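query-v9.cif follows; it contains mmCIF, C-alpha atoms.
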data_start
loop_
_atom_site.label_atom_id
_atom_site.label_comp_id
_atom_site.auth_asym_id
_atom_site.auth_seq_id
_atom_site.Cartn_x
_atom_site.Cartn_y
_atom_site.Cartn_z
CA MET Q 1 -21.33 21.11 2.94
CA THR Q 2 -21.87 24.22 0.84
CA TYR Q 3 -18.93 25.39 -1.26
CA ASP Q 4 -18.60 28.39 -3.51
CA ALA Q 5 -15.35 27.51 -5.32
CA ILE Q 6 -12.95 24.70 -6.25
CA LEU Q 7 -9.23 25.10 -5.53
CA VAL Q 8 -6.76 22.98 -7.51
CA VAL Q 9 -3.57 22.60 -5.47
CA SER Q 10 -0.35 21.29 -7.00
CA PHE Q 11 3.43 21.24 -6.65
CA GLY Q 12 4.32 23.86 -9.25
CA GLY Q 13 7.30 24.09 -11.54
CA PRO Q 14 9.52 26.59 -13.39
CA GLU Q 15 8.36 27.94 -16.73
CA LYS Q 16 11.66 29.39 -18.01
CA PRO Q 17 15.38 28.97 -17.23
CA ALA Q 18 15.46 31.99 -14.91
CA ASP Q 19 12.81 30.34 -12.72
CA VAL Q 20 14.74 27.13 -12.09
CA MET Q 21 17.00 28.08 -9.16
CA PRO Q 22 14.38 30.23 -7.35
CA PHE Q 23 11.93 27.33 -7.74
CA LEU Q 24 14.45 24.85 -6.29
CA GLU Q 25 15.14 27.24 -3.40
CA ASN Q 26 11.41 27.13 -2.62
CA VAL Q 27 11.29 23.34 -2.85
CA LEU Q 28 14.37 22.84 -0.66
CA ARG Q 29 13.85 25.67 1.83
CA GLY Q 30 14.68 24.49 5.35
CA LYS Q 31 16.46 21.38 4.11
CA ASN Q 32 20.21 20.87 4.35
CA VAL Q 33 20.82 20.22 0.66
CA PRO Q 34 24.28 21.02 -0.75
CA ARG Q 35 24.41 23.59 -3.53
CA GLU Q 36 26.08 20.97 -5.75
CA ARG Q 37 22.97 18.82 -5.48
CA LYS Q 38 20.73 21.78 -6.33
CA LEU Q 39 22.79 22.48 -9.43
CA GLU Q 40 22.59 18.82 -10.41
CA VAL Q 41 18.79 18.87 -10.19
CA ALA Q 42 18.70 22.19 -12.03
CA GLU Q 43 20.40 20.52 -14.98
CA HIS Q 44 17.40 18.18 -15.30
CA TYR Q 45 15.24 21.25 -15.95
CA TYR Q 46 17.75 22.98 -18.21
CA HIS Q 47 17.88 19.78 -20.29
CA PHE Q 48 14.23 20.50 -21.16
CA GLY Q 49 14.64 24.22 -21.77
CA GLY Q 50 14.23 25.24 -18.13
CA LYS Q 51 10.53 24.53 -18.17
CA SER Q 52 8.58 21.89 -16.30
CA PRO Q 53 5.43 20.66 -18.04
CA ILE Q 54 3.44 20.53 -14.80
CA ASN Q 55 1.91 24.02 -14.96
CA ASP Q 56 0.67 23.56 -18.52
CA GLN Q 57 -0.75 20.19 -17.56
CA ASN Q 58 -2.61 21.76 -14.66
CA ARG Q 59 -4.01 24.37 -17.03
CA HIS Q 60 -5.29 21.57 -19.28
CA LEU Q 61 -6.79 19.76 -16.27
CA ILE Q 62 -8.54 22.90 -15.07
CA LYS Q 63 -9.95 23.59 -18.54
CA ALA Q 64 -11.27 20.02 -18.78
CA LEU Q 65 -12.79 20.24 -15.30
CA GLU Q 66 -14.39 23.62 -16.09
CA THR Q 67 -16.06 22.01 -19.12
CA GLU Q 68 -17.22 19.05 -17.03
CA LEU Q 69 -18.73 21.26 -14.32
CA ALA Q 70 -20.33 23.60 -16.88
CA GLN Q 71 -22.06 20.66 -18.53
CA HIS Q 72 -23.06 18.66 -15.46
CA GLY Q 73 -22.66 20.93 -12.42
CA PRO Q 74 -22.05 22.08 -9.84
CA ARG Q 75 -21.28 25.39 -11.49
CA LEU Q 76 -18.40 26.57 -9.32
CA PRO Q 77 -15.41 28.75 -10.26
CA ILE Q 78 -12.03 27.01 -10.24
CA TYR Q 79 -8.93 28.59 -8.73
CA TRP Q 80 -5.38 27.26 -8.82
CA GLY Q 81 -2.52 27.58 -6.33
CA ASN Q 82 0.88 25.87 -6.09
CA ARG Q 83 3.17 24.88 -3.26
CA ASN Q 84 6.45 25.98 -4.85
CA TRP Q 85 5.88 28.25 -7.87
CA HIS Q 86 3.43 30.71 -9.34
CA PRO Q 87 0.54 30.88 -8.96
CA MET Q 88 1.43 30.57 -5.27
CA LEU Q 89 -1.22 29.44 -2.82
CA ALA Q 90 -1.19 32.62 -0.74
CA ASP Q 91 -1.70 34.79 -3.83
CA THR Q 92 -4.56 32.57 -4.97
CA LEU Q 93 -6.29 32.63 -1.58
CA ARG Q 94 -5.90 36.39 -1.49
CA GLN Q 95 -7.66 36.62 -4.86
CA MET Q 96 -10.38 34.25 -3.64
CA LYS Q 97 -10.94 36.48 -0.61
CA GLU Q 98 -11.25 39.53 -2.86
CA ASP Q 99 -13.74 37.63 -5.01
CA GLY Q 100 -15.90 36.86 -1.99
CA VAL Q 101 -15.17 33.14 -1.72
CA ASN Q 102 -16.03 31.90 1.76
CA ARG Q 103 -15.49 28.15 1.57
CA ALA Q 104 -13.63 26.16 -1.10
CA LEU Q 105 -13.07 22.50 -1.81
CA ALA Q 106 -9.46 21.64 -2.67
CA PHE Q 107 -8.45 19.00 -5.21
CA VAL Q 108 -4.79 18.12 -4.64
CA THR Q 109 -3.02 16.53 -7.60
CA SER Q 110 -1.95 13.45 -5.65
CA ALA Q 111 -3.93 10.23 -5.33
CA TYR Q 112 -2.17 8.76 -2.30
CA SER Q 113 -1.68 9.33 1.43
CA SER Q 114 1.68 10.39 2.85
CA TYR Q 115 3.13 13.42 4.60
CA SER Q 116 4.47 14.95 1.37
CA SER Q 117 1.46 14.09 -0.80
CA CYS Q 118 -1.36 14.94 1.61
CA ARG Q 119 -0.65 16.44 5.03
CA GLN Q 120 2.01 18.84 3.75
CA TYR Q 121 -0.47 20.29 1.27
CA ARG Q 122 -2.93 20.88 4.10
CA GLU Q 123 -0.15 22.63 6.00
CA ASP Q 124 0.63 24.71 2.90
CA ILE Q 125 -3.01 25.77 2.72
CA ALA Q 126 -3.01 26.68 6.42
CA ARG Q 127 0.12 28.84 5.99
CA ALA Q 128 -1.45 30.55 2.99
CA GLN Q 129 -4.60 31.26 5.03
CA GLU Q 130 -2.44 32.73 7.80
CA ALA Q 131 -0.64 34.93 5.27
CA VAL Q 132 -3.96 36.23 3.91
CA GLY Q 133 -5.27 36.87 7.40
CA GLU Q 134 -8.80 37.62 8.48
CA GLY Q 135 -11.40 36.65 5.91
CA ALA Q 136 -9.25 34.01 4.19
CA PRO Q 137 -11.47 31.31 2.71
CA ILE Q 138 -12.03 28.08 4.60
CA VAL Q 139 -10.57 25.26 2.50
CA ASP Q 140 -11.46 21.57 2.83
CA LYS Q 141 -9.38 18.95 1.02
CA ILE Q 142 -10.94 16.20 -1.13
CA ARG Q 143 -10.04 12.70 0.07
CA ALA Q 144 -7.26 10.58 -1.37
CA PHE Q 145 -8.58 8.70 -4.41
CA HIS Q 146 -6.05 5.95 -5.21
CA ASN Q 147 -8.78 3.27 -5.36
CA HIS Q 148 -11.64 5.32 -6.81
CA PRO Q 149 -13.14 3.54 -9.85
CA GLY Q 150 -12.54 6.60 -12.04
CA PHE Q 151 -8.82 6.70 -11.26
CA VAL Q 152 -8.36 2.94 -11.61
CA GLU Q 153 -10.26 2.76 -14.91
CA ALA Q 154 -8.23 5.65 -16.37
CA LEU Q 155 -5.01 3.86 -15.37
CA VAL Q 156 -6.27 0.64 -16.94
CA ASP Q 157 -6.84 2.47 -20.22
CA ARG Q 158 -3.37 4.00 -20.15
CA VAL Q 159 -1.65 0.68 -19.44
CA ARG Q 160 -3.76 -1.16 -22.01
CA ASP Q 161 -2.77 1.41 -24.64
CA ALA Q 162 0.89 0.91 -23.74
CA LEU Q 163 0.68 -2.89 -23.92
CA ALA Q 164 -1.01 -2.57 -27.31
CA LYS Q 165 2.22 -1.10 -28.71
CA PHE Q 166 3.86 -4.52 -28.40
CA PRO Q 167 3.16 -7.35 -30.85
CA GLU Q 168 0.17 -9.33 -29.64
CA GLU Q 169 2.25 -12.44 -28.97
CA ARG Q 170 4.54 -10.44 -26.62
CA ARG Q 171 1.90 -8.74 -24.47
CA GLU Q 172 1.09 -11.50 -22.00
CA ALA Q 173 4.76 -12.07 -21.11
CA ALA Q 174 5.60 -8.35 -20.95
CA GLN Q 175 6.75 -7.11 -17.56
CA LEU Q 176 4.50 -4.40 -16.12
CA VAL Q 177 6.52 -2.11 -13.85
CA TYR Q 178 4.61 0.44 -11.77
CA THR Q 179 6.54 3.45 -10.50
CA ALA Q 180 5.89 6.01 -7.79
CA HIS Q 181 7.95 8.75 -6.18
CA SER Q 182 10.14 7.26 -3.47
CA ILE Q 183 9.85 8.67 0.06
CA PRO Q 184 11.96 8.13 3.19
CA THR Q 185 11.09 4.88 4.95
CA SER Q 186 10.55 6.89 8.14
CA MET Q 187 7.76 8.73 6.30
CA ALA Q 188 6.37 5.53 4.77
CA GLN Q 189 6.09 3.91 8.21
CA GLY Q 190 3.65 6.59 9.33
CA CYS Q 191 1.19 6.35 6.44
CA ASP Q 192 -0.55 4.01 3.98
CA TYR Q 193 1.39 5.18 0.91
CA GLU Q 194 3.03 1.86 0.03
CA LYS Q 195 -0.07 -0.17 0.88
CA GLN Q 196 -2.21 2.06 -1.35
CA LEU Q 197 0.22 1.84 -4.27
CA LEU Q 198 0.28 -1.95 -4.08
CA GLU Q 199 -3.50 -2.05 -3.95
CA THR Q 200 -3.86 0.26 -6.96
CA GLY Q 201 -1.34 -1.82 -8.87
CA ARG Q 202 -3.21 -5.00 -8.00
CA LEU Q 203 -6.53 -3.50 -9.10
CA VAL Q 204 -5.16 -2.31 -12.45
CA ALA Q 205 -3.40 -5.59 -13.18
CA GLY Q 206 -6.52 -7.54 -12.19
CA LYS Q 207 -8.74 -5.62 -14.59
CA LEU Q 208 -6.19 -6.19 -17.35
CA GLY Q 209 -5.77 -9.86 -16.49
CA HIS Q 210 -2.02 -9.24 -16.35
CA ARG Q 211 -0.15 -11.24 -13.69
CA ASN Q 212 3.40 -10.13 -14.42
CA TRP Q 213 3.74 -6.87 -12.45
CA ARG Q 214 5.80 -5.25 -9.75
CA LEU Q 215 6.03 -1.91 -7.90
CA VAL Q 216 9.26 0.10 -7.87
CA TYR Q 217 10.24 3.67 -7.06
CA GLN Q 218 11.91 6.65 -8.71
CA SER Q 219 13.12 10.20 -8.05
CA ARG Q 220 14.87 9.55 -4.73
CA SER Q 221 16.36 12.83 -3.46
CA GLY Q 222 17.60 12.18 0.07
CA PRO Q 223 21.19 11.72 1.33
CA PRO Q 224 22.68 8.24 0.68
CA PRO Q 225 22.69 7.15 4.37
CA GLN Q 226 18.95 7.83 4.72
CA PRO Q 227 16.81 4.80 3.79
CA TRP Q 228 14.13 5.42 1.16
CA LEU Q 229 11.59 3.08 -0.41
CA GLU Q 230 13.18 0.69 -2.91
CA PRO Q 231 13.87 -0.79 -5.41
CA ASP Q 232 14.74 2.02 -7.78
CA ILE Q 233 13.47 1.77 -11.34
CA LEU Q 234 16.99 1.57 -12.81
CA ASP Q 235 18.00 -1.20 -10.41
CA CYS Q 236 14.81 -3.05 -11.32
CA LEU Q 237 15.61 -2.89 -15.04
CA ARG Q 238 19.12 -4.22 -14.45
CA GLU Q 239 17.69 -7.05 -12.35
CA LEU Q 240 15.17 -7.96 -15.05
CA LYS Q 241 17.98 -8.19 -17.58
CA ARG Q 242 20.22 -10.18 -15.24
CA GLU Q 243 17.73 -12.61 -13.72
CA THR Q 244 14.89 -13.04 -16.23
CA THR Q 245 14.29 -13.54 -19.93
CA THR Q 246 12.09 -10.42 -20.12
CA THR Q 247 12.53 -8.46 -23.34
CA HIS Q 248 9.43 -6.21 -23.24
CA VAL Q 249 8.59 -3.82 -20.40
CA VAL Q 250 5.76 -1.35 -19.81
CA ILE Q 251 6.62 1.31 -17.24
CA ALA Q 252 3.45 2.78 -15.74
CA PRO Q 253 3.92 5.74 -13.35
CA ILE Q 254 0.78 5.12 -11.30
CA GLY Q 255 2.10 7.27 -8.48
CA PHE Q 256 1.68 10.43 -10.58
CA VAL Q 257 -1.36 12.05 -12.21
CA SER Q 258 0.55 14.01 -14.88
CA ASP Q 259 3.69 13.64 -16.99
CA HIS Q 260 5.87 16.15 -15.17
CA MET Q 261 9.65 16.51 -14.81
CA GLU Q 262 10.35 13.37 -12.78
CA ILE Q 263 8.73 11.33 -15.51
CA LEU Q 264 10.41 13.16 -18.40
CA PHE Q 265 13.86 12.79 -16.86
CA ASP Q 266 13.74 9.60 -14.73
CA LEU Q 267 11.64 7.50 -17.10
CA ASP Q 268 11.62 8.99 -20.59
CA THR Q 269 15.34 9.79 -20.43
CA GLN Q 270 17.27 7.71 -17.89
CA ALA Q 271 15.14 4.55 -17.92
CA ARG Q 272 14.73 4.62 -21.69
CA ASP Q 273 18.47 5.04 -22.22
CA LEU Q 274 19.16 2.11 -19.88
CA CYS Q 275 16.60 -0.09 -21.66
CA GLU Q 276 18.28 0.63 -25.00
CA GLU Q 277 21.63 -0.28 -23.46
CA LEU Q 278 20.21 -3.52 -22.01
CA GLY Q 279 18.29 -4.49 -25.14
CA ILE Q 280 14.88 -4.18 -23.48
CA HIS Q 281 11.89 -2.97 -25.50
CA MET Q 282 10.27 -0.31 -23.29
CA VAL Q 283 6.98 1.53 -23.55
CA ARG Q 284 6.04 4.14 -20.98
CA ALA Q 285 2.33 4.35 -20.19
CA LYS Q 286 0.81 7.81 -20.00
CA THR Q 287 -0.41 9.15 -16.69
CA VAL Q 288 -4.15 9.81 -16.31
CA GLY Q 289 -3.72 13.50 -17.18
CA THR Q 290 -7.03 14.71 -18.61
CA HIS Q 291 -8.47 11.26 -19.32
CA PRO Q 292 -12.27 11.80 -19.43
CA THR Q 293 -12.90 9.15 -16.77
CA PHE Q 294 -10.43 10.86 -14.44
CA ILE Q 295 -12.06 14.27 -14.98
CA ARG Q 296 -15.47 12.74 -14.27
CA MET Q 297 -14.00 11.27 -11.10
CA ILE Q 298 -12.98 14.73 -9.88
CA ARG Q 299 -16.54 15.94 -10.38
CA ALA Q 300 -17.84 12.86 -8.52
CA LEU Q 301 -15.52 13.62 -5.58
CA ILE Q 302 -16.82 17.20 -5.51
CA CYS Q 303 -20.43 16.04 -5.57
CA GLU Q 304 -19.96 13.49 -2.80
CA ARG Q 305 -18.57 16.15 -0.46
CA MET Q 306 -21.53 18.40 -1.17
CA ASP Q 307 -24.00 15.62 -0.32
CA GLU Q 308 -23.19 13.33 2.60
CA ALA Q 309 -25.79 10.82 1.36
CA THR Q 310 -23.76 10.15 -1.79
CA PRO Q 311 -21.86 6.83 -1.56
CA ARG Q 312 -18.07 7.13 -1.29
CA LEU Q 313 -16.91 4.86 -4.12
CA ALA Q 314 -13.82 2.70 -3.74
CA LEU Q 315 -12.56 -0.54 -5.27
CA GLY Q 316 -10.62 -3.30 -3.56
CA GLN Q 317 -9.93 -4.04 0.06
CA LEU Q 318 -8.90 -0.70 1.59
CA GLY Q 319 -12.18 1.19 1.32
CA ALA Q 320 -12.72 4.92 0.82
CA ARG Q 321 -10.57 7.35 2.78
CA PRO Q 322 -12.51 9.57 5.20
CA ASP Q 323 -13.68 12.99 4.07
CA PHE Q 324 -11.55 14.66 6.73
CA CYS Q 325 -8.07 13.44 7.71
CA ALA Q 326 -7.44 12.45 11.31
CA ILE Q 327 -5.39 14.87 13.41
CA ASP Q 328 -2.48 12.40 13.57
CA CYS Q 329 -2.75 11.28 9.93
CA CYS Q 330 0.47 11.02 7.88
CA PRO Q 331 2.79 12.70 10.42
CA MET Q 332 6.01 14.43 9.48
CA PRO Q 333 8.83 11.91 10.02
CA ALA Q 334 11.41 12.81 12.64
CA ARG Q 335 14.26 12.92 10.12
CA THR Q 336 12.35 15.31 7.86
CA ALA Q 337 11.42 17.49 10.83
CA ALA Q 338 15.09 17.75 11.85
CA ASN Q 339 16.27 19.00 8.43
#
Rewrite the coordinates I just gave you, this time as structure tokens.
Amino acid sequence: MTYDAILVVSFGGPEKPADVMPFLENVLRGKNVPRERKLEVAEHYYHFGGKSPINDQNRHLIKALETELAQHGPRLPIYWGNRNWHPMLADTLRQMKEDGVNRALAFVTSAYSSYSSCRQYREDIARAQEAVGEGAPIVDKIRAFHNHPGFVEALVDRVRDALAKFPEERREAAQLVYTAHSIPTSMAQGCDYEKQLLETGRLVAGKLGHRNWRLVYQSRSGPPPQPWLEPDILDCLRELKRETTTTHVVIAPIGFVSDHMEILFDLDTQARDLCEELGIHMVRAKTVGTHPTFIRMIRALICERMDEATPRLALGQLGARPDFCAIDCCPMPARTAAN
């Protein structure tokens, strides 16, 4: 394939208090979410000055990737478009059209396969192309990369750094708790999300030689009667206190690539407060962010799509995801479609 630009695609987030409610309206459009719930979520953002860190983190990622491509190629311009807040995807594609971009390769800031973390982004891109109309760039999405060596090695470094904050004699017995964004079980049944998370967790723990790990979830947002993936991080911490002698815990949000609002509120605020209440020593591992190995991985994924002879690297038992998703991949769950 020949590409003339890279498109970074992400979720987006408010950058000032006045953005918060319009942003949430974008996120929740078409969903039957009570206004009380919207206001409750808005308070999470207001607690941090009405600004999510995700946009700044994407700016840092893009700058790091620009440096990587300038030094090692391919020398392609990088554009950036979000699902829910500025810069919006349609505006970005419109600018790309004006700049003469014909075909772009999209890096989505999610490592795993599910409707909300993969297929929905492809649908967002398609809607943006429709909004731009004739001459909109063709956009191909880079494959999911949960088991790429560059992602796994960056996670290993982050978790190792977190474990190192405990006294040496406490590290082996420390509980390693991986977190990821929960999704409805009806969505999980149609994709490999949970399987991929478990495999990534196994790979990271294996490289660290750390046996004491588990996968839990955070940031559930659906109505109480609707089943979502469990256990929740807070329930897990209470269970550890109640049923084990664990006193040291590393929480590693392997389901995320940057330290955005769910991590600041659910982990750095709620989980940390609960650990202090329970008498648990907690360290939260950083996400991969702009870890050099992760940035090199993005370049490697770009290069492999530009040369079909390049091996598709993957660790573990699940293999590399295909370059192009199947038509029926990660379908929208019936419950989500009905909202």
Checklist entry - Within 8 Å of range 16-33 of chain Q, counting all atoms listed in the file, which residues qualify if same-chain residues fewer than 6 places away don't, as a ChimeraX atom specification? => result /Q:42,45-46,49-51,84-85,339
Item to check | Shell around Ile254 in chain Q at 7 Å using only C-alpha atoms, local window under 3 positions removed, as a list in words | outcome: Tyr178, Thr179, Ala180 and Thr287 of chain Q
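Against this structure, the PyMOL selection byres ((chain Q and resi 305) around 10) ends up with Q:Met1, Q:Thr2, Q:Tyr3, Q:Leu105, Q:Asp140, Q:Lys141, Q:Ile142, Q:Arg143, Q:Ala300, Q:Leu301, Q:Ile302, Q:Cys303, Q:Glu304, Q:Met306, Q:Asp307, Q:Glu308, Q:Ala309, Q:Thr310, Q:Pro311, Q:Arg312, Q:Asp323.
Closest approach to Lys165 in chain Q from the set Q:Ile298, Q:His281, Q:Ala131, Q:Ile233 is made by Q:His281, with distances taken over all atoms listed in the file.
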For the interface of range 17-129 of chain Q with range 188-207 of chain Q (cut-off 7 Å, counting only C-alpha atoms), please tabulate each contacting residue of range 17-129 of chain Q alongside its nearest pair of atoms and their separation in Å to one decimal, rows sorted by chain and increasing number, as a Markdown table.
| residue | atom | partner | partner_atom | distance |
| --- | --- | --- | --- | --- |
| Q:Tyr112 | CA | Q:Tyr193 | CA | 6.0 |
| Q:Ser113 | CA | Q:Tyr193 | CA | 5.2 |
| Q:Ser114 | CA | Q:Cys191 | CA | 5.4 |
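We find CA of Pro74 in chain Q and CA of Arg296 in chain Q to be spaced 12.3 Å apart.
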Checklist entry - Using the chain letters and numbers from the file, which residues does the PyMOL selection byres ((chain Q and resi 252) around 7) grab, as number ranges by chain? => result Q: 159, 177-179, 250-251, 253-254, 284-285
Next on the checklist: Taking the file as I've supplied it (selection: the PyMOL selection byres ((chain Q and resi 211-228) around 6)), which residues are included? Please answer as a ChimeraX atom specification.
Outcome noted: /Q:175-185,210,229-233
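In this model, the gap between CA of Gln270 in chain Q and CA of Leu234 in chain Q comes to 8.0 Å.
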Would you fill the gaps in range 278-288 of chain Q so it has all heavy atoms, then print it as a PDB file, in the coordinates of the input?
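What ended up in rebuild-v7.pdb:
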ATOM      1  N   LEU Q 278      20.410  -2.139 -22.434  1.00  0.00           N
ATOM      2  CA  LEU Q 278      20.210  -3.520 -22.010  1.00  0.00           C
ATOM      3  C   LEU Q 278      19.506  -4.376 -23.072  1.00  0.00           C
ATOM      4  O   LEU Q 278      19.385  -5.594 -22.901  1.00  0.00           O
ATOM      5  CB  LEU Q 278      19.384  -3.553 -20.719  1.00  0.00           C
ATOM      6  CG  LEU Q 278      20.005  -2.895 -19.485  1.00  0.00           C
ATOM      7  CD1 LEU Q 278      19.014  -2.895 -18.330  1.00  0.00           C
ATOM      8  CD2 LEU Q 278      21.295  -3.592 -19.088  1.00  0.00           C
ATOM      9  N   GLY Q 279      19.015  -3.747 -24.119  1.00  0.00           N
ATOM     10  CA  GLY Q 279      18.290  -4.490 -25.140  1.00  0.00           C
ATOM     11  C   GLY Q 279      16.879  -4.842 -24.741  1.00  0.00           C
ATOM     12  O   GLY Q 279      16.323  -5.862 -25.174  1.00  0.00           O
ATOM     13  N   ILE Q 280      16.261  -3.979 -23.923  1.00  0.00           N
ATOM     14  CA  ILE Q 280      14.880  -4.180 -23.480  1.00  0.00           C
ATOM     15  C   ILE Q 280      13.974  -3.238 -24.276  1.00  0.00           C
ATOM     16  O   ILE Q 280      14.270  -2.044 -24.411  1.00  0.00           O
ATOM     17  CB  ILE Q 280      14.729  -3.902 -21.971  1.00  0.00           C
ATOM     18  CG1 ILE Q 280      15.499  -4.946 -21.164  1.00  0.00           C
ATOM     19  CG2 ILE Q 280      13.266  -3.881 -21.561  1.00  0.00           C
ATOM     20  CD1 ILE Q 280      15.525  -4.669 -19.667  1.00  0.00           C
ATOM     21  N   HIS Q 281      12.882  -3.782 -24.805  1.00  0.00           N
ATOM     22  CA  HIS Q 281      11.890  -2.970 -25.500  1.00  0.00           C
ATOM     23  C   HIS Q 281      10.976  -2.331 -24.445  1.00  0.00           C
ATOM     24  O   HIS Q 281      10.246  -3.027 -23.748  1.00  0.00           O
ATOM     25  CB  HIS Q 281      11.069  -3.810 -26.468  1.00  0.00           C
ATOM     26  CG  HIS Q 281      11.893  -4.484 -27.518  1.00  0.00           C
ATOM     27  ND1 HIS Q 281      12.323  -3.840 -28.652  1.00  0.00           N
ATOM     28  CD2 HIS Q 281      12.387  -5.753 -27.588  1.00  0.00           C
ATOM     29  CE1 HIS Q 281      13.033  -4.677 -29.390  1.00  0.00           C
ATOM     30  NE2 HIS Q 281      13.096  -5.837 -28.766  1.00  0.00           N
ATOM     31  N   MET Q 282      11.014  -1.022 -24.345  1.00  0.00           N
ATOM     32  CA  MET Q 282      10.270  -0.310 -23.290  1.00  0.00           C
ATOM     33  C   MET Q 282       9.195   0.585 -23.891  1.00  0.00           C
ATOM     34  O   MET Q 282       9.423   1.287 -24.884  1.00  0.00           O
ATOM     35  CB  MET Q 282      11.223   0.540 -22.454  1.00  0.00           C
ATOM     36  CG  MET Q 282      10.532   1.520 -21.502  1.00  0.00           C
ATOM     37  SD  MET Q 282      11.662   2.807 -20.915  1.00  0.00           S
ATOM     38  CE  MET Q 282      10.509   4.178 -20.656  1.00  0.00           C
ATOM     39  N   VAL Q 283       8.025   0.570 -23.267  1.00  0.00           N
ATOM     40  CA  VAL Q 283       6.980   1.530 -23.550  1.00  0.00           C
ATOM     41  C   VAL Q 283       6.566   2.154 -22.226  1.00  0.00           C
ATOM     42  O   VAL Q 283       6.357   1.439 -21.241  1.00  0.00           O
ATOM     43  CB  VAL Q 283       5.756   0.884 -24.223  1.00  0.00           C
ATOM     44  CG1 VAL Q 283       4.606   1.890 -24.353  1.00  0.00           C
ATOM     45  CG2 VAL Q 283       6.117   0.344 -25.600  1.00  0.00           C
ATOM     46  N   ARG Q 284       6.487   3.469 -22.197  1.00  0.00           N
ATOM     47  CA  ARG Q 284       6.040   4.140 -20.980  1.00  0.00           C
ATOM     48  C   ARG Q 284       4.567   4.516 -21.103  1.00  0.00           C
ATOM     49  O   ARG Q 284       4.172   5.211 -22.042  1.00  0.00           O
ATOM     50  CB  ARG Q 284       6.903   5.382 -20.731  1.00  0.00           C
ATOM     51  CG  ARG Q 284       6.843   5.869 -19.285  1.00  0.00           C
ATOM     52  CD  ARG Q 284       5.817   6.934 -19.066  1.00  0.00           C
ATOM     53  NE  ARG Q 284       6.181   8.170 -19.754  1.00  0.00           N
ATOM     54  CZ  ARG Q 284       5.351   9.189 -19.891  1.00  0.00           C
ATOM     55  NH1 ARG Q 284       4.099   9.112 -19.459  1.00  0.00           N
ATOM     56  NH2 ARG Q 284       5.729  10.266 -20.548  1.00  0.00           N
ATOM     57  N   ALA Q 285       3.761   4.020 -20.177  1.00  0.00           N
ATOM     58  CA  ALA Q 285       2.330   4.350 -20.190  1.00  0.00           C
ATOM     59  C   ALA Q 285       2.133   5.805 -19.781  1.00  0.00           C
ATOM     60  O   ALA Q 285       2.845   6.333 -18.923  1.00  0.00           O
ATOM     61  CB  ALA Q 285       1.575   3.435 -19.227  1.00  0.00           C
ATOM     62  N   LYS Q 286       1.156   6.451 -20.387  1.00  0.00           N
ATOM     63  CA  LYS Q 286       0.810   7.810 -20.000  1.00  0.00           C
ATOM     64  C   LYS Q 286       0.194   7.835 -18.607  1.00  0.00           C
ATOM     65  O   LYS Q 286      -0.399   6.854 -18.160  1.00  0.00           O
ATOM     66  CB  LYS Q 286      -0.196   8.418 -20.985  1.00  0.00           C
ATOM     67  CG  LYS Q 286       0.328   8.631 -22.398  1.00  0.00           C
ATOM     68  CD  LYS Q 286      -0.775   9.231 -23.263  1.00  0.00           C
ATOM     69  CE  LYS Q 286      -0.303   9.452 -24.693  1.00  0.00           C
ATOM     70  NZ  LYS Q 286      -1.391  10.011 -25.534  1.00  0.00           N
ATOM     71  N   THR Q 287       0.332   8.955 -17.931  1.00  0.00           N
ATOM     72  CA  THR Q 287      -0.410   9.150 -16.690  1.00  0.00           C
ATOM     73  C   THR Q 287      -1.868   9.492 -17.042  1.00  0.00           C
ATOM     74  O   THR Q 287      -2.208   9.705 -18.204  1.00  0.00           O
ATOM     75  CB  THR Q 287       0.210  10.291 -15.867  1.00  0.00           C
ATOM     76  OG1 THR Q 287       0.385  11.438 -16.727  1.00  0.00           O
ATOM     77  CG2 THR Q 287       1.562   9.879 -15.303  1.00  0.00           C
ATOM     78  N   VAL Q 288      -2.723   9.590 -16.019  1.00  0.00           N
ATOM     79  CA  VAL Q 288      -4.150   9.810 -16.310  1.00  0.00           C
ATOM     80  C   VAL Q 288      -4.395  11.180 -16.923  1.00  0.00           C
ATOM     81  O   VAL Q 288      -5.306  11.346 -17.746  1.00  0.00           O
ATOM     82  CB  VAL Q 288      -5.008   9.612 -15.036  1.00  0.00           C
ATOM     83  CG1 VAL Q 288      -5.013   8.160 -14.626  1.00  0.00           C
ATOM     84  CG2 VAL Q 288      -4.539  10.500 -13.891  1.00  0.00           C
TER      85      VAL Q 288
END
